[in-house]
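Visitor: Please find one structure pasted underneath; my questions will follow.
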Amino acid sequence: MVRAAGRAGLGTGAGTRSGTPRPGQERTVTVAYAGGERRRGPVTMGQANMIRCILRDEPLHINNHDVWPVPQGAALQQVLDALRELVVRHEALRTTFPEPAAGASRTQVVAAEGDFTVRVLDHEELGADPAHYAETVARQARAGRFRLDRDFPLRITLLSLRGAPAFVTLSSSHAVTDGSALAVLREEWLALLDGAGLPPVEALTPLDLAAEEATPAGLRRSEASLRYWKQIIGTGPQEMFAEPRAVRSDGQQPQLTLRSRRGARALAQAAKRTGSPSPTVLLTAWCTLVAHRAGQSTCVAAAPLSNRSRPGLARSVNTLSQDALLSLDVRGPSFDAVLRKAWGAALGAYRHSQFDSVRLWEAIEGTTFERGSHFARDVVFNDVSVLTDTRAPATDSRTGDAQDAELDLDWGPVQVLPTRLLCFAYRTDPVLHLGMWADPALFSREEAETFLTGLVKLLEVVAYEDVPLAALTEVTGIRPAVRAGDWLQVDGCWTSPTAVAGALSDALGGLPVHVTTDDVSGPEPVGDSPGGGLTAFIASGGAPLTPDGAHTALMDVISAPGPGHSGLLAPTRYVIVHDSPATPGESTAWLRQRILMEGNGRHRPTRDDH
């Protein structure tokens, strides 16, 4: 059953002179559904992860969106019927999460019947760029927070042109769908509109996946994943882009899209020359250039789609949003040497992408507190080209020369993202089609364009011969980060002792602080002071201060969300003296002061301490 309620007079009914279309009439259509099965059970690990993020993060950061162009000739009722069939077909779209008395929900409930609404906006004109307008409508719908205990997980708006459906725009709850699930839904919706029947669902439902995760084998996989993550976070770079210019920003990043037939041909030829799959070659090229630009010997990147590598999950309409964490060692003489390591590194990441997110974050917090760092999810590479051809942005209106271009770059809208460099690989044949969002604090528009064109240049060379890593700047035009002053690598992380001293001083209310990497072990060390790393001298002036208090205060600064400085790494040794020396820039002068206390600051009080 379909019920409609509407109102008119929302605009002029035509496009404005600024080019932004204005609907002449808005109405809400209620679509009833029935025929499902009511079920109840625990949430999956991926759902628990996303519920935690939804309750913590801003909706713009966590909600998804997509735009589906309506095939010409499809009637409104056909569009609504296809949407209804998807809801009945997929349990995730009928799922809510009862709100517990405290904390995040650990239960999901699947409804057997119910209804959802579709907002219909009719227009006399859709403007010069209808696809861009549809994208804008979809993005705006992301702003509202979903009520997980009662809201339908899709906010659907149908844009019509003089009564004819043109676009379906969606904003979705990340607790129910991720980007790959939306791609599956789009593909099935188009098939239904084309009159095709859909095969039975063979992918795991969320409840089926939750049951599998709770088996002994599932729990063993989760434990192995926790060990894998702790090892990488405990030894790898904490920020890929730790450098002087990398001040944490508000996350607004413009989209840059690459379409290149040259790139597609080069990728195919490079795969043929090396005998490696095209996705592995592309991943290796991307990670090699990221590490080169960042001045790192290891590329640590999240690969969200990788957790769909199993057949039962590849086409699952569910949120499988648990990162596969890739750590690729890019040290070696050449590109081919890195490529030989990439498959094993990727496979290790894929195998360890199922975990209890609550326990993972506890492990991350514990590991980073001990290490004195903050793990930043700086780099994300999401290759969705292997999932389905329909995953390429449906709002792409550049259908002429750009689609057939040897190399074309196009700037798009700004999106708020919690990453520094995000890339989607939408298609690799016959066009290499990438979407990239780069933090403007790190990449000017010219530098972002150089990065993507440099990727194509690298592929064109490795298509026919190996490339020495020492020649990457010459081949691609991409230059490594410049770190002047006292920047250096400590414990595998780029940091600045001067910046650490300033942050620690601020955290302690302005007390004098000197931070050094010098070997300044005194003749009679006091407390647990491990070797290596940074040493901080603090002049307390007699104020009550302990190494534990100093470390905790600095970690509060390092791990604080929002804008801030990059490259902060806590000292492994805190030396507290009464007064600063006459020459505060000399480490030996601090050692001549009377030492009140020293230690590594890593002791966390427990109940047994009281």
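In the structure tokens, the first chain shown is A, the next is B, and so on; residue numbers restart at 1 for each chain, and ligands run from 1 in the order shown.
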Residues at most 12 Å from Ala324 (chain A), counting only C-alpha atoms, excluding those fewer than 4 positions away in the same chain, as a compact mmCIF listing (two decimals) with N, CA, C and O atoms, in the first residue's frame?

Guide:
# COMPACT_ATOMS: atom_id res chain seq x y z
N SER A 225 43.01 -11.43 15.23
CA SER A 225 42.96 -10.06 14.68
C SER A 225 43.46 -9.05 15.70
O SER A 225 44.19 -8.12 15.36
N LEU A 226 43.07 -9.24 16.98
CA LEU A 226 43.53 -8.31 18.01
C LEU A 226 45.05 -8.34 18.14
O LEU A 226 45.69 -7.29 18.27
N TYR A 228 47.18 -9.16 15.79
CA TYR A 228 47.73 -8.56 14.57
C TYR A 228 47.70 -7.04 14.66
O TYR A 228 48.70 -6.37 14.36
N TRP A 229 46.57 -6.47 15.04
CA TRP A 229 46.46 -5.02 15.15
C TRP A 229 47.42 -4.46 16.19
O TRP A 229 48.06 -3.42 15.97
N ILE A 232 50.97 -4.17 14.82
CA ILE A 232 51.19 -3.07 13.88
C ILE A 232 51.15 -1.73 14.61
O ILE A 232 52.00 -0.85 14.39
N VAL A 300 51.11 2.24 6.25
CA VAL A 300 50.01 1.68 7.04
C VAL A 300 48.72 2.31 6.52
O VAL A 300 48.56 3.53 6.54
N ALA A 301 47.82 1.46 6.01
CA ALA A 301 46.60 1.97 5.40
C ALA A 301 45.44 1.04 5.72
O ALA A 301 45.61 -0.18 5.84
N ALA A 302 44.27 1.63 5.85
CA ALA A 302 43.04 0.85 6.04
C ALA A 302 42.47 0.49 4.68
O ALA A 302 42.47 1.31 3.76
N ALA A 303 41.97 -0.75 4.57
CA ALA A 303 41.36 -1.22 3.33
C ALA A 303 39.99 -1.81 3.67
O ALA A 303 39.86 -3.02 3.89
N PRO A 304 38.94 -0.97 3.75
CA PRO A 304 37.64 -1.44 4.26
C PRO A 304 37.01 -2.55 3.45
O PRO A 304 36.38 -3.45 4.02
N LEU A 305 37.13 -2.54 2.12
CA LEU A 305 36.43 -3.55 1.33
C LEU A 305 37.02 -4.94 1.51
O LEU A 305 36.36 -5.94 1.24
N SER A 306 38.23 -5.01 2.03
CA SER A 306 38.92 -6.28 2.09
C SER A 306 38.20 -7.32 2.94
O SER A 306 38.41 -8.52 2.78
N ASN A 307 37.35 -6.87 3.88
CA ASN A 307 36.66 -7.84 4.71
C ASN A 307 35.49 -8.49 3.97
O ASN A 307 34.73 -9.26 4.56
N ARG A 308 35.30 -8.18 2.67
CA ARG A 308 34.30 -8.86 1.85
C ARG A 308 34.94 -9.91 0.94
O ARG A 308 34.34 -10.32 -0.04
N SER A 309 36.14 -10.33 1.27
CA SER A 309 36.84 -11.27 0.39
C SER A 309 36.25 -12.67 0.45
O SER A 309 36.43 -13.45 -0.48
N LEU A 320 29.84 -4.21 7.06
CA LEU A 320 31.03 -4.99 7.38
C LEU A 320 32.19 -4.04 7.64
O LEU A 320 33.33 -4.31 7.29
N ALA A 345 51.27 -9.18 2.45
CA ALA A 345 50.82 -8.16 3.39
C ALA A 345 49.32 -7.96 3.30
O ALA A 345 48.62 -7.83 4.32
N ALA A 346 48.79 -7.93 2.07
CA ALA A 346 47.35 -7.76 1.89
C ALA A 346 46.58 -8.95 2.44
O ALA A 346 45.54 -8.79 3.09
N LEU A 347 47.08 -10.16 2.20
CA LEU A 347 46.41 -11.35 2.70
C LEU A 347 46.37 -11.36 4.23
O LEU A 347 45.36 -11.72 4.84
N GLY A 348 47.47 -10.94 4.85
CA GLY A 348 47.49 -10.85 6.31
C GLY A 348 46.47 -9.86 6.83
O GLY A 348 45.80 -10.10 7.84
N ALA A 349 46.34 -8.74 6.12
CA ALA A 349 45.34 -7.74 6.52
C ALA A 349 43.93 -8.29 6.37
O ALA A 349 43.08 -8.12 7.26
N TYR A 350 43.65 -8.97 5.24
CA TYR A 350 42.31 -9.50 5.00
C TYR A 350 41.92 -10.52 6.07
O TYR A 350 40.78 -10.56 6.53
N ARG A 351 42.88 -11.36 6.45
CA ARG A 351 42.58 -12.43 7.41
C ARG A 351 42.33 -11.91 8.82
O ARG A 351 41.81 -12.64 9.66
N HIS A 352 42.72 -10.69 9.07
CA HIS A 352 42.60 -10.15 10.43
C HIS A 352 41.69 -8.92 10.48
O HIS A 352 41.98 -7.94 11.15
N SER A 353 40.59 -8.99 9.72
CA SER A 353 39.65 -7.86 9.67
C SER A 353 38.34 -8.17 10.37
O SER A 353 37.34 -7.49 10.17
N GLN A 354 38.31 -9.19 11.20
CA GLN A 354 37.12 -9.51 12.00
C GLN A 354 37.52 -9.47 13.46
O GLN A 354 38.39 -10.22 13.90
N PHE A 355 36.90 -8.57 14.24
CA PHE A 355 37.33 -8.38 15.62
C PHE A 355 36.21 -7.76 16.44
O PHE A 355 35.28 -7.15 15.91
N ARG A 377 44.20 7.11 11.71
CA ARG A 377 43.76 6.41 10.49
C ARG A 377 43.91 7.38 9.32
O ARG A 377 42.96 7.85 8.73
N VAL A 380 43.36 5.68 3.73
CA VAL A 380 42.36 4.65 3.43
C VAL A 380 42.36 4.42 1.92
O VAL A 380 42.30 5.37 1.14
N PHE A 381 42.45 3.16 1.55
CA PHE A 381 42.40 2.78 0.14
C PHE A 381 41.29 1.74 -0.02
O PHE A 381 41.38 0.65 0.54
N ASN A 382 40.27 2.08 -0.78
CA ASN A 382 39.11 1.21 -0.91
C ASN A 382 38.91 0.85 -2.39
O ASN A 382 38.39 1.66 -3.16

Visitor: DSSP on the backbone, strand (DSSP E) only: what residues of region 357-600 of chain A does that give? Format it as an MDAnalysis selection string.

Guide: chainID A and resid 379:383 408:416 421:427 432:438 488:490 493:495 513:516 535:539 573:577 595:599

Visitor: Could you go through region 440-539 of chain A and tell me which residues DSSP, when run on the backbone, assigns to helix (DSSP H, G or I), listing them as an MDAnalysis selection string?

Guide: chainID A and resid 445:462 469:476 497:507

Visitor: Just give me the gap between CA of Leu86 (chain A) and CA of Ala141 (chain A) in Å, one decimal is fine.

Guide: 20.6 Å

Visitor: I want to know what sits within 7 Å of Ala203 (chain A), based on only C-alpha atoms, with residues of the same chain fewer than 5 positions away left out; could you give that as number ranges by chain?

Guide: A: 312-313, 315-316

Visitor: I'd like the neighbourhood of Val281 (chain A) as a VMD selection string, where a residue qualifies if any of its atoms comes within 12 Å (using only C-alpha atoms), though same-chain residues fewer than 3 positions away should be ignored.

Guide: chain A and resid 263 to 264 266 to 278 284 to 288 335 to 343 346 383 428 455 458 to 460 462 to 463

Visitor: For a quick check of understanding, using only C-alpha atoms, which of A:Ala191, A:Ala181, A:Met45, A:Val168 has the smallest distance to Val358 (chain A)?

Guide: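 Going through A:Ala191, A:Ala181, A:Met45, A:Val168 one by one, the smallest distance to Val358 (chain A) is for A:Met45.
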
Visitor: Counting only C-alpha atoms, which of A:Val87, A:Leu93, A:Ala164, A:Ala104 gets nearest to Cys53 (chain A)?

Guide: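 Closest to Cys53 (chain A), using only C-alpha atoms: A:Ala104.
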
Visitor: Applying 7 Å and only C-alpha atoms, which residues near Phe97 (chain A) remain after dropping the ones on its own chain fewer than 6 positions away? List them as a ChimeraX atom specification.

Guide: /A:105,107-109,148-149

Visitor: Keeping only N, CA and C atoms, take the residues you just selected and write them out as an mmCIF file, in the first residue's frame.

Guide:
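Everything below was put into result_6.cif:
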data_model
loop_
_atom_site.group_PDB
_atom_site.id
_atom_site.type_symbol
_atom_site.label_atom_id
_atom_site.label_comp_id
_atom_site.auth_asym_id
_atom_site.auth_seq_id
_atom_site.Cartn_x
_atom_site.Cartn_y
_atom_site.Cartn_z
ATOM 1 N N SER A 105 23.753 -0.491 22.076
ATOM 2 C CA SER A 105 22.911 -1.678 21.921
ATOM 3 C C SER A 105 23.752 -2.867 21.482
ATOM 4 N N THR A 107 21.879 -5.708 20.695
ATOM 5 C CA THR A 107 20.809 -6.536 20.162
ATOM 6 C C THR A 107 20.259 -5.906 18.896
ATOM 7 N N GLN A 108 19.897 -6.741 17.925
ATOM 8 C CA GLN A 108 19.228 -6.266 16.723
ATOM 9 C C GLN A 108 17.893 -6.995 16.582
ATOM 10 N N VAL A 109 16.908 -6.275 16.061
ATOM 11 C CA VAL A 109 15.570 -6.824 15.868
ATOM 12 C C VAL A 109 15.185 -6.616 14.414
ATOM 13 N N LEU A 148 18.663 4.804 16.212
ATOM 14 C CA LEU A 148 18.872 3.399 15.902
ATOM 15 C C LEU A 148 17.760 2.502 16.413
ATOM 16 N N ASP A 149 17.046 2.941 17.434
ATOM 17 C CA ASP A 149 16.020 2.092 18.028
ATOM 18 C C ASP A 149 14.694 2.138 17.280
#

Visitor: Could you give me, as JSON lines, every region 241-291 of chain A residue with an atom at most 8 Å from region 414-418 of chain A, plus its closest atom pair and distance in Å to one decimal, counting only C-alpha atoms, rows ordered by chain then number?

Guide:
{"residue": "A:Asp250", "atom": "CA", "partner": "A:Val416", "partner_atom": "CA", "distance": 7.6}
{"residue": "A:Gly251", "atom": "CA", "partner": "A:Val416", "partner_atom": "CA", "distance": 4.9}
{"residue": "A:Gln252", "atom": "CA", "partner": "A:Val416", "partner_atom": "CA", "distance": 4.3}
{"residue": "A:Gln253", "atom": "CA", "partner": "A:Val414", "partner_atom": "CA", "distance": 5.1}
{"residue": "A:Pro254", "atom": "CA", "partner": "A:Val414", "partner_atom": "CA", "distance": 3.9}
{"residue": "A:Gln255", "atom": "CA", "partner": "A:Val414", "partner_atom": "CA", "distance": 6.1}

Visitor: I'd like the neighbourhood of Gly502 (chain A) as a list of chain:residue names, where a residue qualifies if any of its atoms comes within 12 Å (using only C-alpha atoms), though same-chain residues fewer than 3 positions away should be ignored.

Guide: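 Result of the neighbour search: A:Ser496, A:Pro497, A:Thr498, A:Ala499, A:Ser505, A:Asp506, A:Ala507, A:Leu508, A:Gly509, A:Gly510, A:Leu511, A:Pro512, A:Val513, A:His514, A:Val515, A:Ala536, A:Ile538, A:Leu554, A:Val557, A:Ile558, A:His565, A:Leu568, A:Leu569, A:Ala570.
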
Visitor: Between A:Met240, A:Leu158, A:Ala503, A:Val384, which residue has the minimum interatomic distance to Ser180 (chain A), considering only C-alpha atoms?

Guide: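 Counting only C-alpha atoms, the residue closest to Ser180 (chain A) is A:Val384.
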
Visitor: Between A:Ala92, A:Leu472, A:Leu488, A:Ala211, which residue has the minimum interatomic distance to Thr44 (chain A), considering only C-alpha atoms?

Guide: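 Of A:Ala92, A:Leu472, A:Leu488, A:Ala211, the one nearest Thr44 (chain A) is A:Ala211, counting only C-alpha atoms.
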
Visitor: Please provide the set of residues having any atom within 7 Å of Gly46 (chain A), restricted to only C-alpha atoms, with same-chain residues fewer than 4 positions apart removed, written as a PyMOL selection string.

Guide: chain A and resi 50+319-322
